[in-house]
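protein.cif (mmCIF, C-alpha atoms) appears below.
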```cif
data_structure
#
loop_
_atom_site.label_atom_id
_atom_site.label_comp_id
_atom_site.auth_asym_id
_atom_site.auth_seq_id
_atom_site.Cartn_x
_atom_site.Cartn_y
_atom_site.Cartn_z
CA MET G 1 140.74 120.21 122.00
CA ALA G 2 139.03 123.45 120.96
CA LYS G 3 135.45 123.89 122.13
CA SER G 4 134.08 123.81 118.58
CA GLU G 5 135.68 120.40 118.04
CA VAL G 6 133.04 118.86 120.29
CA LYS G 7 129.37 119.58 119.83
CA VAL G 8 126.27 118.18 121.48
CA LEU G 9 123.02 118.52 119.56
CA GLY G 10 120.13 118.44 121.98
CA ALA G 11 117.62 120.25 124.13
CA TRP G 12 117.86 121.19 127.82
CA PRO G 13 114.73 119.30 129.01
CA SER G 14 115.74 115.93 127.54
CA PRO G 15 117.08 113.36 130.02
CA PHE G 16 118.85 111.61 127.14
CA VAL G 17 120.68 114.80 126.17
CA MET G 18 121.78 115.28 129.78
CA ARG G 19 123.77 112.07 129.63
CA PRO G 20 126.54 113.06 127.20
CA ARG G 21 126.72 116.52 128.81
CA ILE G 22 127.36 115.01 132.24
CA ALA G 23 129.90 112.61 130.76
CA LEU G 24 131.78 115.45 129.04
CA ASN G 25 131.73 117.42 132.29
CA ILE G 26 133.21 114.47 134.17
CA LYS G 27 136.04 114.40 131.64
CA SER G 28 136.40 118.21 131.75
CA VAL G 29 135.88 118.39 128.01
CA GLU G 30 134.59 121.70 126.66
CA TYR G 31 131.80 121.47 124.14
CA GLU G 32 129.36 123.57 122.19
CA PHE G 33 125.72 122.89 123.08
CA LEU G 34 123.52 123.35 120.03
CA GLN G 35 119.88 123.37 121.01
CA GLU G 36 117.14 122.13 118.75
CA THR G 37 113.84 124.03 118.65
CA LEU G 38 110.76 122.19 119.79
CA GLY G 39 108.75 121.06 116.78
CA SER G 40 111.50 121.23 114.17
CA LYS G 41 114.72 119.40 113.33
CA SER G 42 117.84 121.22 112.17
CA GLU G 43 119.76 120.35 108.99
CA LEU G 44 122.69 119.33 111.14
CA LEU G 45 120.57 116.91 113.15
CA LEU G 46 119.04 115.32 110.06
CA LYS G 47 122.49 114.98 108.52
CA SER G 48 124.14 113.61 111.69
CA ASN G 49 121.44 111.16 112.68
CA PRO G 50 119.65 110.25 109.45
CA VAL G 51 118.44 106.90 110.81
CA HIS G 52 116.57 108.10 113.89
CA LYS G 53 116.61 111.92 113.50
CA LYS G 54 116.78 112.15 117.31
CA ILE G 55 118.77 113.98 119.94
CA PRO G 56 121.30 113.70 121.48
CA VAL G 57 124.03 113.54 118.87
CA LEU G 58 127.67 114.05 119.78
CA ILE G 59 129.82 115.47 117.01
CA HIS G 60 133.54 114.97 117.65
CA GLY G 61 135.67 116.55 114.94
CA ASP G 62 133.25 115.84 112.16
CA LYS G 63 132.17 112.37 113.26
CA PRO G 64 128.71 111.94 114.76
CA VAL G 65 127.87 109.48 117.52
CA CYS G 66 124.20 108.68 118.24
CA GLU G 67 122.19 107.03 121.04
CA SER G 68 122.74 108.55 124.48
CA LEU G 69 124.26 105.55 126.30
CA ILE G 70 126.46 104.66 123.32
CA ILE G 71 127.66 108.28 123.36
CA VAL G 72 128.53 107.99 127.08
CA GLU G 73 130.62 104.88 126.41
CA TYR G 74 132.29 106.65 123.47
CA ILE G 75 133.16 109.64 125.66
CA ASP G 76 134.72 107.31 128.23
CA GLU G 77 136.84 105.64 125.56
CA ALA G 78 137.76 108.68 123.43
CA TRP G 79 138.90 110.62 126.51
CA SER G 80 140.43 107.72 128.31
CA SER G 81 142.20 109.53 131.15
CA ALA G 82 140.65 109.44 134.62
CA PRO G 83 138.06 109.68 135.95
CA SER G 84 136.57 106.57 134.32
CA ILE G 85 132.87 106.46 133.66
CA LEU G 86 132.39 102.73 133.09
CA PRO G 87 133.56 100.41 135.89
CA SER G 88 136.86 98.68 135.23
CA HIS G 89 135.78 95.08 135.83
CA PRO G 90 133.79 93.41 133.01
CA TYR G 91 131.23 92.01 135.46
CA ASP G 92 130.60 95.41 137.06
CA ARG G 93 130.27 96.86 133.56
CA ALA G 94 127.67 94.18 132.73
CA ILE G 95 125.68 95.05 135.86
CA ALA G 96 125.83 98.77 135.09
CA ARG G 97 124.71 98.18 131.49
CA PHE G 98 121.95 95.84 132.62
CA TRP G 99 120.39 98.40 134.97
CA ALA G 100 120.87 101.24 132.48
CA ALA G 101 118.93 99.21 129.90
CA TYR G 102 116.28 98.44 132.54
CA VAL G 103 115.83 102.12 133.30
CA ASP G 104 115.35 102.90 129.60
CA GLU G 105 113.21 99.89 128.71
CA LYS G 106 111.07 99.51 131.83
CA LEU G 107 111.30 102.35 134.32
CA PHE G 108 110.96 105.35 132.01
CA PRO G 109 108.04 103.85 130.03
CA SER G 110 106.21 103.10 133.28
CA MET G 111 106.83 106.70 134.40
CA LYS G 112 105.19 107.85 131.18
CA GLU G 113 102.25 105.55 131.89
CA ILE G 114 101.49 107.53 135.03
CA VAL G 115 101.15 110.63 132.86
CA SER G 116 99.02 108.97 130.18
CA ALA G 117 96.84 107.03 132.65
CA ASP G 118 93.13 107.59 132.14
CA GLY G 119 91.45 107.28 135.50
CA GLU G 120 92.54 106.81 139.09
CA GLU G 121 92.78 103.00 138.99
CA THR G 122 95.09 102.92 135.96
CA LYS G 123 97.19 105.65 137.53
CA LYS G 124 97.51 103.68 140.79
CA VAL G 125 98.72 100.63 138.88
CA ALA G 126 101.23 102.71 136.93
CA ILE G 127 102.51 104.34 140.12
CA GLN G 128 102.94 100.94 141.77
CA GLN G 129 104.95 99.73 138.75
CA VAL G 130 107.34 102.65 139.06
CA VAL G 131 107.70 102.17 142.81
CA ASP G 132 108.39 98.44 142.33
CA GLY G 133 111.06 99.33 139.76
CA LEU G 134 112.64 101.83 142.11
CA VAL G 135 112.78 99.21 144.85
CA LEU G 136 114.75 96.97 142.47
CA LEU G 137 117.11 99.87 141.80
CA GLU G 138 117.48 100.49 145.54
CA ASP G 139 118.71 96.92 145.84
CA ALA G 140 121.06 97.40 142.87
CA TYR G 141 122.35 100.60 144.47
CA THR G 142 123.11 98.81 147.74
CA LYS G 143 125.14 96.22 145.83
CA CYS G 144 126.88 98.55 143.35
CA ARG G 145 127.94 101.42 145.60
CA LYS G 146 130.59 99.42 147.52
CA GLY G 147 130.55 101.91 150.36
CA GLY G 148 130.49 104.98 148.12
CA GLN G 149 127.71 107.50 147.52
CA PHE G 150 127.10 106.56 143.92
CA PHE G 151 126.27 103.52 141.80
CA GLY G 152 129.80 104.00 140.50
CA GLY G 153 131.19 103.91 144.05
CA GLU G 154 133.16 106.94 145.22
CA GLN G 155 132.65 108.68 141.88
CA ILE G 156 129.66 109.04 139.60
CA GLY G 157 129.63 106.57 136.76
CA TYR G 158 127.64 105.15 133.90
CA LEU G 159 124.63 103.95 135.86
CA ASP G 160 124.43 107.13 137.91
CA ILE G 161 124.28 109.05 134.62
CA ALA G 162 121.77 106.68 133.00
CA PHE G 163 119.36 106.67 135.93
CA GLY G 164 120.09 110.11 137.37
CA SER G 165 119.21 111.85 134.11
CA TYR G 166 115.57 110.88 134.76
CA LEU G 167 115.42 112.57 138.17
CA GLY G 168 114.11 115.88 136.82
CA TRP G 169 111.15 114.17 135.13
CA LEU G 170 110.64 111.90 138.11
CA ARG G 171 110.23 114.96 140.31
CA VAL G 172 107.85 116.59 137.81
CA THR G 173 105.75 113.41 137.82
CA GLU G 174 105.72 113.44 141.63
CA LYS G 175 104.67 117.09 141.62
CA PHE G 176 101.87 116.77 139.04
CA ASN G 177 100.43 113.60 140.60
CA GLN G 178 101.02 114.48 144.23
CA VAL G 179 102.81 111.24 144.90
CA LYS G 180 106.19 110.29 146.29
CA LEU G 181 107.92 107.85 143.98
CA LEU G 182 111.33 107.99 145.66
CA ASP G 183 110.61 107.83 149.34
CA GLU G 184 112.44 107.44 152.64
CA ALA G 185 110.54 104.32 153.63
CA LYS G 186 111.03 102.18 150.53
CA THR G 187 114.10 103.68 148.86
CA PRO G 188 116.15 105.48 151.53
CA GLY G 189 119.46 104.90 149.73
CA LEU G 190 118.16 106.33 146.48
CA VAL G 191 116.78 109.41 148.23
CA LYS G 192 120.27 110.23 149.48
CA TRP G 193 121.81 109.24 146.16
CA ALA G 194 119.47 111.56 144.25
CA GLU G 195 120.57 114.52 146.35
CA ALA G 196 124.24 113.67 145.95
CA PHE G 197 123.84 113.18 142.20
CA CYS G 198 121.94 116.39 141.56
CA SER G 199 124.42 118.48 143.53
CA HIS G 200 127.49 116.92 141.88
CA PRO G 201 129.58 119.51 139.98
CA ALA G 202 129.26 117.57 136.70
CA VAL G 203 125.48 117.49 137.05
CA LYS G 204 124.18 120.60 138.75
CA ASP G 205 124.36 122.97 135.79
CA VAL G 206 122.86 120.41 133.46
CA MET G 207 119.95 119.17 135.62
CA PRO G 208 116.98 121.50 135.05
CA GLU G 209 115.11 122.85 138.05
CA THR G 210 111.91 120.95 138.69
CA ASP G 211 109.71 124.06 138.34
CA LYS G 212 111.26 125.01 135.01
CA LEU G 213 110.81 121.46 133.75
CA ALA G 214 107.21 121.40 135.01
CA GLU G 215 106.48 124.57 133.01
CA PHE G 216 108.05 122.98 129.96
CA ALA G 217 105.94 119.84 130.49
CA LYS G 218 102.81 122.01 130.27
CA VAL G 219 104.06 123.65 127.06
CA LEU G 220 104.86 120.23 125.61
CA ALA G 221 101.42 118.86 126.52
CA LYS G 222 99.75 121.84 124.82
CA ALA G 223 101.92 121.46 121.71
CA ARG G 224 101.06 117.78 121.46
CA ALA G 225 97.34 118.41 121.95
CA ALA G 226 97.28 121.13 119.28
CA PRO G 227 96.07 120.11 115.81
CA PRO G 228 98.92 119.46 113.31
CA LYS G 229 99.77 122.37 111.00
CA MET F 1 142.15 76.71 135.31
CA GLY F 2 139.17 76.65 137.64
CA GLU F 3 136.96 78.62 135.26
CA GLU F 4 133.35 77.58 135.20
CA VAL F 5 131.22 78.85 132.35
CA LYS F 6 127.59 77.84 131.93
CA LEU F 7 125.17 78.99 129.28
CA LEU F 8 121.43 78.77 129.91
CA LYS F 9 119.97 78.39 126.45
CA THR F 10 117.32 77.04 124.13
CA TRP F 11 117.98 75.38 120.76
CA SER F 12 116.15 77.98 118.69
CA SER F 13 116.66 81.44 120.17
CA PRO F 14 118.57 83.80 117.86
CA PHE F 15 119.79 85.64 120.94
CA VAL F 16 121.34 82.45 122.30
CA TRP F 17 123.21 81.57 119.09
CA ARG F 18 125.10 84.86 119.00
CA VAL F 19 126.50 84.02 122.46
CA VAL F 20 127.41 80.47 121.37
CA TRP F 21 129.32 81.86 118.38
CA ALA F 22 131.15 84.38 120.58
CA LEU F 23 132.24 81.71 123.06
CA LYS F 24 133.39 79.40 120.25
CA LEU F 25 135.33 82.18 118.50
CA LYS F 26 137.17 82.89 121.73
CA GLY F 27 137.79 79.22 122.43
CA VAL F 28 135.94 79.35 125.74
CA GLU F 29 134.87 75.99 127.14
CA TYR F 30 131.39 76.03 128.58
CA VAL F 31 128.56 73.82 129.76
CA SER F 32 125.19 74.11 127.98
CA VAL F 33 122.04 74.01 130.04
CA GLU F 34 118.94 73.56 127.88
CA GLU F 35 115.93 75.42 129.20
CA ASP F 36 112.31 74.57 128.60
CA LEU F 37 110.70 78.00 128.45
CA SER F 38 107.27 76.58 129.24
CA ASN F 39 108.75 75.23 132.47
CA LYS F 40 111.57 77.55 133.49
CA SER F 41 114.22 76.16 135.82
CA PRO F 42 114.80 77.59 139.30
CA LEU F 43 118.32 78.45 138.12
CA LEU F 44 117.02 80.58 135.25
CA LEU F 45 114.48 82.33 137.47
CA GLN F 46 117.16 83.00 140.07
CA CYS F 47 119.75 84.27 137.57
CA ASN F 48 117.41 86.41 135.47
CA PRO F 49 114.48 87.26 137.75
CA ILE F 50 113.50 90.41 135.88
CA TYR F 51 113.21 89.12 132.34
CA LYS F 52 113.16 85.34 133.00
CA ARG F 53 114.63 84.59 129.58
CA VAL F 54 117.64 83.07 127.83
CA PRO F 55 120.48 83.47 127.20
CA VAL F 56 122.08 83.76 130.63
CA LEU F 57 125.83 83.31 131.05
CA ILE F 58 127.10 82.14 134.42
CA HIS F 59 130.83 82.68 134.92
CA ASN F 60 132.33 81.42 138.17
CA GLY F 61 128.95 81.69 139.84
CA LYS F 62 128.14 85.21 138.61
CA SER F 63 125.29 85.54 136.15
CA ILE F 64 125.01 87.94 133.24
CA ALA F 65 121.75 88.38 131.32
CA GLU F 66 120.72 90.04 128.05
CA SER F 67 122.57 88.92 124.94
CA LEU F 68 124.25 92.20 123.91
CA ILE F 69 125.46 92.71 127.47
CA ILE F 70 126.72 89.12 127.51
CA LEU F 71 128.62 89.69 124.24
CA GLU F 72 130.31 92.78 125.70
CA TYR F 73 131.14 90.81 128.85
CA ILE F 74 132.67 87.97 126.83
CA ASP F 75 134.71 90.45 124.77
CA GLY F 76 135.94 92.18 127.91
CA THR F 77 136.84 88.97 129.73
CA TRP F 78 138.51 86.79 127.07
CA ASN F 79 141.05 88.63 124.96
CA SER F 80 141.50 86.27 122.04
CA TYR F 81 139.63 87.23 118.86
CA PRO F 82 138.38 90.72 119.76
CA LEU F 83 134.75 91.13 118.69
CA LEU F 84 134.51 94.92 118.84
CA PRO F 85 136.91 97.19 116.93
CA GLU F 86 139.69 99.07 118.80
CA ASP F 87 138.85 102.55 117.62
CA PRO F 88 136.25 104.24 119.87
CA HIS F 89 134.26 105.66 116.94
CA ASP F 90 134.18 102.32 115.13
CA LYS F 91 133.14 100.70 118.40
CA ALA F 92 130.30 103.21 118.80
CA THR F 93 129.21 102.51 115.22
CA SER F 94 129.09 98.74 115.86
CA ARG F 95 127.07 99.31 119.01
CA PHE F 96 124.72 101.69 117.18
CA TRP F 97 123.93 99.15 114.48
CA ALA F 98 123.63 96.33 117.02
CA LYS F 99 120.98 98.32 118.87
CA PHE F 100 119.25 99.14 115.58
CA ALA F 101 119.35 95.46 114.63
CA ASP F 102 117.66 94.36 117.86
CA ASP F 103 115.25 97.30 118.28
CA LYS F 104 114.15 97.63 114.66
CA VAL F 105 115.35 94.96 112.23
CA LEU F 106 114.55 91.83 114.19
CA PRO F 107 111.02 92.75 115.33
CA SER F 108 109.98 94.08 111.90
CA VAL F 109 111.38 91.11 109.97
CA TRP F 110 109.78 88.69 112.42
CA VAL F 111 106.32 90.19 112.08
CA ALA F 112 106.71 90.63 108.31
CA TYR F 113 107.27 86.91 107.86
CA LEU F 114 105.08 85.40 110.54
CA LYS F 115 101.98 87.52 110.89
CA GLN F 116 99.22 88.50 108.53
CA GLY F 117 96.94 91.27 107.42
CA LYS F 118 97.56 94.91 108.25
CA GLU F 119 100.20 94.06 110.89
CA GLN F 120 102.21 92.19 108.29
CA GLU F 121 101.82 94.91 105.64
CA GLU F 122 103.10 97.61 107.98
CA ALA F 123 105.90 95.42 109.27
CA THR F 124 107.00 94.59 105.72
CA VAL F 125 107.36 98.28 104.87
CA SER F 126 109.44 98.82 108.06
CA ALA F 127 111.47 95.68 107.53
CA LEU F 128 112.44 96.67 103.99
CA GLU F 129 113.43 100.18 105.15
CA ASN F 130 115.43 98.79 108.06
CA LEU F 131 117.16 96.20 105.90
CA LYS F 132 118.19 98.94 103.43
CA TYR F 133 120.33 100.50 106.18
CA ILE F 134 121.94 97.14 106.87
CA GLU F 135 122.57 96.65 103.13
CA GLN F 136 124.31 100.05 103.05
CA GLU F 137 126.51 99.11 106.00
CA LEU F 138 127.74 96.07 104.12
CA ARG F 139 128.74 97.91 100.96
CA GLY F 140 132.38 97.23 100.07
CA LYS F 141 132.80 94.72 102.90
CA LYS F 142 132.77 90.96 103.09
CA PHE F 143 131.51 90.99 106.67
CA PHE F 144 130.29 93.80 108.94
CA GLY F 145 133.58 93.28 110.78
CA GLY F 146 135.59 93.66 107.54
CA GLU F 147 137.62 90.70 106.30
CA SER F 148 136.51 88.58 109.23
CA ILE F 149 133.39 88.47 111.39
CA GLY F 150 132.96 90.72 114.39
CA PHE F 151 130.39 91.92 116.89
CA LEU F 152 127.78 93.06 114.39
CA ASP F 153 128.04 89.85 112.33
CA LEU F 154 127.23 87.87 115.48
CA VAL F 155 124.34 90.18 116.35
CA LEU F 156 122.84 89.95 112.85
CA GLY F 157 123.83 86.31 112.33
CA TRP F 158 120.22 85.22 112.96
CA LEU F 159 119.36 86.92 109.65
CA ALA F 160 121.70 84.59 107.77
CA ILE F 161 120.33 81.49 109.48
CA TYR F 162 116.65 82.27 109.90
CA VAL F 163 115.74 84.09 106.72
CA ASN F 164 116.15 80.97 104.51
CA VAL F 165 114.07 79.03 107.00
CA LEU F 166 111.41 81.74 107.28
CA GLU F 167 111.15 81.91 103.51
CA ASP F 168 110.80 78.13 103.27
CA ALA F 169 108.21 78.02 106.04
CA THR F 170 106.08 80.90 104.77
CA GLY F 171 106.70 81.06 101.02
CA LEU F 172 107.49 84.78 101.33
CA ASN F 173 110.50 86.18 99.50
CA MET F 174 111.54 89.52 100.92
CA ILE F 175 115.32 89.44 100.48
CA THR F 176 116.02 89.28 96.76
CA GLN F 177 119.09 89.74 94.54
CA ASP F 178 117.63 92.97 93.12
CA THR F 179 116.94 94.62 96.43
CA PHE F 180 119.63 93.24 98.77
CA PRO F 181 122.64 91.94 96.79
CA CYS F 182 125.21 92.70 99.52
CA LEU F 183 123.05 91.10 102.20
CA LEU F 184 122.60 87.94 100.15
CA GLU F 185 126.35 87.71 99.58
CA TRP F 186 126.99 88.22 103.30
CA ILE F 187 124.43 85.51 104.13
CA GLN F 188 126.38 83.12 101.90
CA SER F 189 129.79 84.07 103.32
CA PHE F 190 128.50 83.88 106.89
CA THR F 191 126.81 80.49 106.57
CA ASP F 192 129.87 79.08 104.73
CA LEU F 193 132.08 79.72 107.77
CA PRO F 194 133.09 76.46 109.51
CA LEU F 195 132.07 78.06 112.85
CA ILE F 196 128.51 78.50 111.59
CA GLN F 197 128.40 75.18 109.71
CA GLU F 198 129.19 73.45 113.01
CA ASN F 199 127.02 75.64 115.25
CA HIS F 200 123.51 76.40 114.12
CA PRO F 201 119.95 75.33 114.92
CA PRO F 202 118.71 72.33 112.89
CA LYS F 203 116.94 73.64 109.78
CA ASP F 204 114.10 71.10 109.58
CA LYS F 205 113.22 71.58 113.25
CA LEU F 206 113.17 75.36 112.69
CA ILE F 207 110.93 75.09 109.63
CA THR F 208 108.43 73.05 111.63
CA LYS F 209 108.59 75.50 114.51
CA PHE F 210 107.89 78.49 112.26
CA GLN F 211 105.09 76.69 110.42
CA VAL F 212 103.42 76.02 113.77
CA LEU F 213 103.90 79.67 114.77
CA VAL F 214 102.34 80.93 111.52
CA GLU F 215 99.39 78.59 112.03
CA SER F 216 98.86 79.76 115.60
CA TYR F 217 98.94 83.44 114.54
CA THR F 218 96.46 82.69 111.72
CA ALA F 219 94.17 80.88 114.17
CA LYS F 220 94.37 83.84 116.59
CA ASN F 221 93.42 86.23 113.81
CA ALA F 222 90.52 84.07 112.70
CA SER F 223 88.98 83.71 116.16
#
```

Translate the structure of the given file into structure tokens.
Amino acid sequence: MAKSEVKVLGAWPSPFVMRPRIALNIKSVEYEFLQETLGSKSELLLKSNPVHKKIPVLIHGDKPVCESLIIVEYIDEAWSSAPSILPSHPYDRAIARFWAAYVDEKLFPSMKEIVSADGEETKKVAIQQVVDGLVLLEDAYTKCRKGGQFFGGEQIGYLDIAFGSYLGWLRVTEKFNQVKLLDEAKTPGLVKWAEAFCSHPAVKDVMPETDKLAEFAKVLAKARAAPPK
Amino acid sequence: MGEEVKLLKTWSSPFVWRVVWALKLKGVEYVSVEEDLSNKSPLLLQCNPIYKRVPVLIHNGKSIAESLIILEYIDGTWNSYPLLPEDPHDKATSRFWAKFADDKVLPSVWVAYLKQGKEQEEATVSALENLKYIEQELRGKKFFGGESIGFLDLVLGWLAIYVNVLEDATGLNMITQDTFPCLLEWIQSFTDLPLIQENHPPKDKLITKFQVLVESYTAKNAS
């Protein structure tokens, strides 16, 4: 399929945008990456995702697919040759989907709470919440990996993508708050997993460097604090 | 066959009913375990320790939580009556609207009917906007699944059952012939199905439940 047949609308800092890009890389599918500018939404984005007006959007041929995890499942099904992204057994798929939803609904919001915390006490509570969540994921990792390096086993899969896409922001949060969220003592498996994930060929060109992301975080904070035009 | 299927449920949860309908459509035999959410069973707490809520499906000892995930599990495990479409893009579309239904439609409709004051006003605006998208999705179709019900019909089925009850309990009329003709027709078609006629929460019990809820929210606001 020609490169222009597959487009991803997104932005390099977004963990959600990373997900379809990693999935396409796993499937060795070439795509055009169309980046949105911070603070404005392109015509194409508004046309392709009129309901939410959010990135990422995958455009395959001329059909848009929205919502990052739904896009990952679509990629797995539309390009059905190996390697598979979702596990093959329905129960393993349920577990992967459960933890992916947990990461989006619980873990990421509690990471954001560390950033928005006003005062040391609130921050401590927020940090503890994230650490508790990571301990749950450490347990899930032990059960899912079945001897392999990844949640998906020998190969990276759906849950690796869902959770791993947050690693850049996790590291920025650690850096800004001088705290270790993933640590050897409580989450030794995840520490190793994070390294393996970030250095995986499908991931390494898509995962932003922590310093670059930290700089962006500062720009974003300034833009949000600025009065509306 | 040696299959053991248990469903931890309550009589009134819209999330539970979608799983019941899925199991019935597929002809899966299962054992119902009624939960009292004010006194959760050790089994529920063990099977869904993170969210501690129903529904939970237990299949041959393995538990699956969260209703949309359960629906996908059921569809992947029992092949009769496929719930999701074959085509990957159509599948993605069903999943998109299911997520929209749970993230946006359900919460806004709930608050629009049951709460009061500013919260209700804002929720009503959202609910009407959200329902417009659903109305559009139905255009030209008998069901979201086409000629017969599918994944999205099960996910939105609570709308068909609960809206009449909510309107009776609160006196509010949000879904009218002028504004949502396709939705009203779908509600009729859906509730006419023998599957739904035989499997739904008792209406009078629901009305009472919602009246009590409205009263408790009013009392909270007043205090």

Any chance you could work out the residue set of the PyMOL selection byres ((chain F and resi 153) around 10) here, as a PyMOL selection string? chain F and resi 18+83+94+98+143-146+148-152+154-160+186-187+190

So, counting all atoms listed in the file, which residue among G:Ile95, G:Ile85, G:Val17, G:Val8 is closest to Ser165 (chain G)? G:Val17

Apply the PyMOL selection byres ((chain F) within 10 of (chain G)) to the displayed file and report the matching residues as an MDAnalysis selection string. chainID F and resid 50:51 59 62:66 68:77 86:96 99:100 130 133

Excluding same-chain residues fewer than 2 positions from region 19-31 of chain G, what lies within 6 Å of it counting all atoms listed in the file, as a PyMOL selection string? chain G and resi 3+6-7+16-17+72+161+202-203

Only C-alpha atoms, please: the residues just picked out, written as a CSV table (one decimal), in the coordinates of the input.
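Written file, part.csv:
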```csv
chain,number,residue,atom,x,y,z
G,3,LYS,CA,135.4,123.9,122.1
G,6,VAL,CA,133.0,118.9,120.3
G,7,LYS,CA,129.4,119.6,119.8
G,16,PHE,CA,118.8,111.6,127.1
G,17,VAL,CA,120.7,114.8,126.2
G,72,VAL,CA,128.5,108.0,127.1
G,161,ILE,CA,124.3,109.0,134.6
G,202,ALA,CA,129.3,117.6,136.7
G,203,VAL,CA,125.5,117.5,137.0
```

Would you mind reading off the distance between CA of His200 (chain F) and CA of Ile134 (chain F), one decimal, in Å?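 One can read the CA of His200 (chain F) to CA of Ile134 (chain F) distance as 22.0 Å.
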
Interatomic distance (Å, one decimal) between CA of Leu106 (chain F) and CA of Phe210 (chain F): 15.0 Å

Produce the centre coordinates and the three edge lengths, each in Å to one decimal, of the box along x, y and z that contains all listed atoms of region 208-226 of chain G with 8 Å added on each side, as AutoDock Vina command-line options.
```
--center_x 107.1 --center_y 121.4 --center_z 129.0 --size_x 35.7 --size_y 23.2 --size_z 35.4
```

Would you kindly translate the PyMOL selection byres ((chain F and resi 43) around 12) into the concrete residues it picks from this file, as a PDB file with C-alpha atoms, in the frame of the given file?
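So the final result, stored in part-v4.pdb, reads:
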```
ATOM      1  CA  LYS F   6     127.590  77.840 131.930  1.00  0.00           C
ATOM      2  CA  LEU F   7     125.170  78.990 129.280  1.00  0.00           C
ATOM      3  CA  LEU F   8     121.430  78.770 129.910  1.00  0.00           C
ATOM      4  CA  LYS F   9     119.970  78.390 126.450  1.00  0.00           C
ATOM      5  CA  VAL F  33     122.040  74.010 130.040  1.00  0.00           C
ATOM      6  CA  GLU F  34     118.940  73.560 127.880  1.00  0.00           C
ATOM      7  CA  GLU F  35     115.930  75.420 129.200  1.00  0.00           C
ATOM      8  CA  ASP F  36     112.310  74.570 128.600  1.00  0.00           C
ATOM      9  CA  ASN F  39     108.750  75.230 132.470  1.00  0.00           C
ATOM     10  CA  LYS F  40     111.570  77.550 133.490  1.00  0.00           C
ATOM     11  CA  SER F  41     114.220  76.160 135.820  1.00  0.00           C
ATOM     12  CA  PRO F  42     114.800  77.590 139.300  1.00  0.00           C
ATOM     13  CA  LEU F  44     117.020  80.580 135.250  1.00  0.00           C
ATOM     14  CA  LEU F  45     114.480  82.330 137.470  1.00  0.00           C
ATOM     15  CA  GLN F  46     117.160  83.000 140.070  1.00  0.00           C
ATOM     16  CA  CYS F  47     119.750  84.270 137.570  1.00  0.00           C
ATOM     17  CA  ASN F  48     117.410  86.410 135.470  1.00  0.00           C
ATOM     18  CA  PRO F  49     114.480  87.260 137.750  1.00  0.00           C
ATOM     19  CA  LYS F  52     113.160  85.340 133.000  1.00  0.00           C
ATOM     20  CA  ARG F  53     114.630  84.590 129.580  1.00  0.00           C
ATOM     21  CA  VAL F  54     117.640  83.070 127.830  1.00  0.00           C
ATOM     22  CA  VAL F  56     122.080  83.760 130.630  1.00  0.00           C
ATOM     23  CA  LEU F  57     125.830  83.310 131.050  1.00  0.00           C
ATOM     24  CA  ILE F  58     127.100  82.140 134.420  1.00  0.00           C
ATOM     25  CA  GLY F  61     128.950  81.690 139.840  1.00  0.00           C
ATOM     26  CA  LYS F  62     128.140  85.210 138.610  1.00  0.00           C
ATOM     27  CA  SER F  63     125.290  85.540 136.150  1.00  0.00           C
TER      28      SER F  63
END
```

Given only C-alpha atoms as the counted atoms, nearest of F:Glu185, F:Glu4, F:Glu137, F:Asp168 to Asn60 (chain F): F:Glu4

Skipping near chain neighbours, those fewer than 2 positions away, what residues fall within 10 Å of Ile175 (chain F) using all atoms listed in the file, listed as number ranges by chain? F: 128, 131, 163-164, 167, 172-173, 177-181, 183-184

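The gap separating CA of Val111 (chain F) from CA of Thr191 (chain F) is 23.3 Å, in Å to one decimal.
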
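In this comparison, which uses only C-alpha atoms, the residue of F:Ser189, F:Ser126, F:Gln116, F:Asn199 approaching Ala219 (chain F) most closely is F:Gln116.
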
Shell of 8 Å around region 201-205 of chain F, all atoms listed in the file, local chain residues under 5 positions omitted, as a list in words: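 With the cut-off at 8 Å, the set is Trp11, Ser12 and Val165 of chain F.
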
Can you write out the residues you just picked, keeping C-alpha atoms, as an mmCIF file, in the coordinates of the input?
```
data_model
loop_
_atom_site.group_PDB
_atom_site.id
_atom_site.type_symbol
_atom_site.label_atom_id
_atom_site.label_comp_id
_atom_site.auth_asym_id
_atom_site.auth_seq_id
_atom_site.Cartn_x
_atom_site.Cartn_y
_atom_site.Cartn_z
ATOM 1 C CA TRP F 11 117.980 75.380 120.760
ATOM 2 C CA SER F 12 116.150 77.980 118.690
ATOM 3 C CA VAL F 165 114.070 79.030 107.000
#
```

Leaving out Leu220 (chain G) and any residue of its chain fewer than 5 positions from it, which residues lie within 9 Å of it when counting all atoms listed in the file, given as a list in words?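 The residues satisfying every condition are Leu38, Glu215 and Ala225 of chain G.
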
Kindly provide, as a PyMOL selection string, the polymer residues lying within 12 Å of (105.8, 89.3, 110.6), counting all atoms listed in the file and using the coordinates exactly as they appear in the file. chain F and resi 105-128+163+166-167+170+172+174+210+213-214+217-218

I'd like the neighbourhood of Asn177 (chain G) as a PyMOL selection string, where a residue qualifies if any of its atoms comes within 9 Å (using only C-alpha atoms), though same-chain residues fewer than 4 positions away should be ignored. chain G and resi 114-115+172-173
